[in-house]
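Input: a single structure, listed below in structure tokens.
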Amino acid sequence: MPTLPRLALLVSTLVASVAPVFGNLVPVVPAEFARCVAPDAKVEKLAGDFQFVEGPVWLPRESALIFSDIPKDELKRWTRTGGVTVFRAPSRNANGNSLDAAGRLLTCEHSGRRVVRLEPDGTLAVLAEAFEGRRLNSPNDIVERRDGTLWFTDPDYGLKTDPATKAKVGKEQPGNFVYRLDPKSGRVTAVARDFSHPNGLAFSPDEAKLYIADSGAPRHIRVFSVASDGTLRDGRVFCTIDKGGPDGIRVDREGRVWSSTGDGVQVFSPAGELLGRILTPEAAANLCFGGEDGRTLFITARKSLYAIRVLTTGAAR
Ligand code: MG
């Protein structure tokens with residue numbers, strides 16, 4: 001018969017061996033994960049009854065979140081006081097969104113098969129819709145570098161599949177590429193051609209590295225060095241995702257990588273070590289840092305929008 005202290009030790013050892021769950025949190029490297037999220041932080045459901053939400057981006061000037069309901073063909077706007085309203089419809093099945101340095105909204109359109117920017121006068125500027133004379137597939141996610149170049153992924157998720165041939169209808173590109181776009185010249189350059197389904201992407205805080213999620217097969221995040229001429233070098237697998245696939249990803253100010261996954265959000269150290277998980281009731285597709293102090297993580301997960309307070313802020317907008 002073990003003594004009480006021994007019994008307590010045995011129980012705590014058993015609990016620790018199956019990774020403790022504190023509410024929605026599963027620390028894997030507890031000391032490091034505690035720098036990311038407070039142990040008592042809870043996932044809060046902000047809104048629901050959507051069809052499939054993606055592409056959250058925080059607008060600091062308006063204290064508002066913009067996100068996409070892809071099948072509903074709408075961009076949505078959420079504020080703490082006003083709830084959810086329609087921001088733009090139709091959205092041409094918008095997916096990923098981000099801001100450029102001037103605060104303009106950049107949007108990847110699935111059915112529009114293009115990348116657009118919302119101008120201050122309310123019009124949409126088409127930034128890219130083709131590469132080497134062929135239409136893009138269905139741009140998915142986009143991020144700006146401090147030099148003004150825009151980097152976006154172009155998997156073929158937004159194209160219909162022919163049930164007989166299994167081929168993507170209307171696909172003109174020979175693959176699913178990652179592109180760099182110079183908005184001044186309009187020039188589009190393929191920077192990676194060997195992804196299955198490139199998806200979310202994010203730069204390291206110093207922008208020397210670019211992380212790109214592959215949500216096809218295999219499902220992992222790769223990291224590249226960004227050369228001074230804008231090419232990608234030394235690509236390697238940064239981490240693999242064990243629940244679902246990586247979709248949207250963000251980097252925090254300390255260089256950790258936060259990836260949406262089938263079980264919520266997984267947080268990786270700059271060295272690629274899994275630090276912990278934030279579990280969400282529905283599989284997550286994308287995330288962003290935001291809120292008044294930048295320390296709220298917004299998560300789009302299937303039919304709902306969630307948020308959790310965190311202890312860091314995003315490296316980029
Ligand atoms: Mg995506």
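Letters A, B, ... mark the chains of the structure tokens in the order given; residue numbers begin at 1 per chain; ligand numbers begin at 1, in order shown.
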
**Study point:** Given 8 Å and only C-alpha atoms and all ligand atoms, residues near ligand 1 as number ranges by chain
**Key:** A: 54-55, 95-96, 140-141, 199-200, 247-248, 285-286

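For Ala271 in chain A, the list of residues within 10 Å, based on only C-alpha atoms and with local chain neighbours fewer than 2 positions off taken out, reads Phe238, Cys239, Gly255, Arg256, Val257, Phe268, Ser269, Glu273 and Leu274 of chain A.
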
Could you name the residues that touch Gly83 in chain A at 9 Å or less, counting only C-alpha atoms, but leaving out those on the same chain fewer than 3 positions away, as a PDB file with N, CA and C atoms, in the first residue's frame?
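For reference, part.pdb as written:
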```
ATOM      1  N   LEU A  46     -16.456  33.273 -30.396  1.00  0.00           N
ATOM      2  CA  LEU A  46     -16.941  34.633 -30.644  1.00  0.00           C
ATOM      3  C   LEU A  46     -18.181  34.647 -31.521  1.00  0.00           C
ATOM      4  N   ALA A  47     -18.258  33.708 -32.463  1.00  0.00           N
ATOM      5  CA  ALA A  47     -19.395  33.678 -33.388  1.00  0.00           C
ATOM      6  C   ALA A  47     -19.419  32.318 -34.080  1.00  0.00           C
ATOM      7  N   ARG A  77     -16.836  40.891 -41.121  1.00  0.00           N
ATOM      8  CA  ARG A  77     -16.170  41.831 -40.218  1.00  0.00           C
ATOM      9  C   ARG A  77     -16.710  41.594 -38.829  1.00  0.00           C
ATOM     10  N   TRP A  78     -15.806  41.471 -37.858  1.00  0.00           N
ATOM     11  CA  TRP A  78     -16.218  41.265 -36.462  1.00  0.00           C
ATOM     12  C   TRP A  78     -15.617  42.356 -35.592  1.00  0.00           C
ATOM     13  N   THR A  79     -16.423  42.889 -34.687  1.00  0.00           N
ATOM     14  CA  THR A  79     -15.898  43.740 -33.618  1.00  0.00           C
ATOM     15  C   THR A  79     -16.505  43.259 -32.303  1.00  0.00           C
ATOM     16  N   ARG A  80     -15.812  43.579 -31.218  1.00  0.00           N
ATOM     17  CA  ARG A  80     -16.272  43.130 -29.897  1.00  0.00           C
ATOM     18  C   ARG A  80     -17.659  43.695 -29.586  1.00  0.00           C
TER      19      ARG A  80
END
```

Review point. Where does DSSP see strand (DSSP E or B) in range 30-249 of chain A, if you list the residues as a PyMOL selection string?
Key: chain A and resi 44-47+53-59+64-69+74-79+83-88+94-99+105-109+114-118+124-128+130-131+134-135+142-144+150-153+161+168+178-182+187-192+198-203+209-214+220-226+232-240+249

Practice item. Run DSSP on the backbone and give me the residues of range 28-147 of chain A it puts in alpha helix (DSSP H), as a ChimeraX atom specification. Key: /A:30-33

Hey, what's within 7 Å of Ile66 in chain A if we count only C-alpha atoms and toss same-chain stuff fewer than 4 positions away? As a CSV table (one decimal) with N, CA and C atoms, in the first residue's frame, please?
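New file part.csv:
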```csv
chain,number,residue,atom,x,y,z
A,56,PRO,N,-8.3,35.1,-41.3
A,56,PRO,CA,-8.5,36.2,-40.4
A,56,PRO,C,-7.4,37.2,-40.5
A,57,VAL,N,-7.7,38.5,-40.4
A,57,VAL,CA,-6.7,39.5,-40.3
A,57,VAL,C,-7.2,40.6,-39.4
A,58,TRP,N,-6.4,41.1,-38.5
A,58,TRP,CA,-6.8,42.2,-37.6
A,58,TRP,C,-6.5,43.6,-38.2
A,75,LEU,N,-16.9,38.1,-47.4
A,75,LEU,CA,-15.9,38.6,-46.4
A,75,LEU,C,-16.7,39.1,-45.2
A,76,LYS,N,-16.3,38.8,-44.0
A,76,LYS,CA,-17.0,39.2,-42.8
A,76,LYS,C,-16.2,40.1,-42.0
A,77,ARG,N,-16.8,40.9,-41.1
A,77,ARG,CA,-16.2,41.8,-40.2
A,77,ARG,C,-16.7,41.6,-38.8
A,78,TRP,N,-15.8,41.5,-37.9
A,78,TRP,CA,-16.2,41.3,-36.5
A,78,TRP,C,-15.6,42.4,-35.6
```
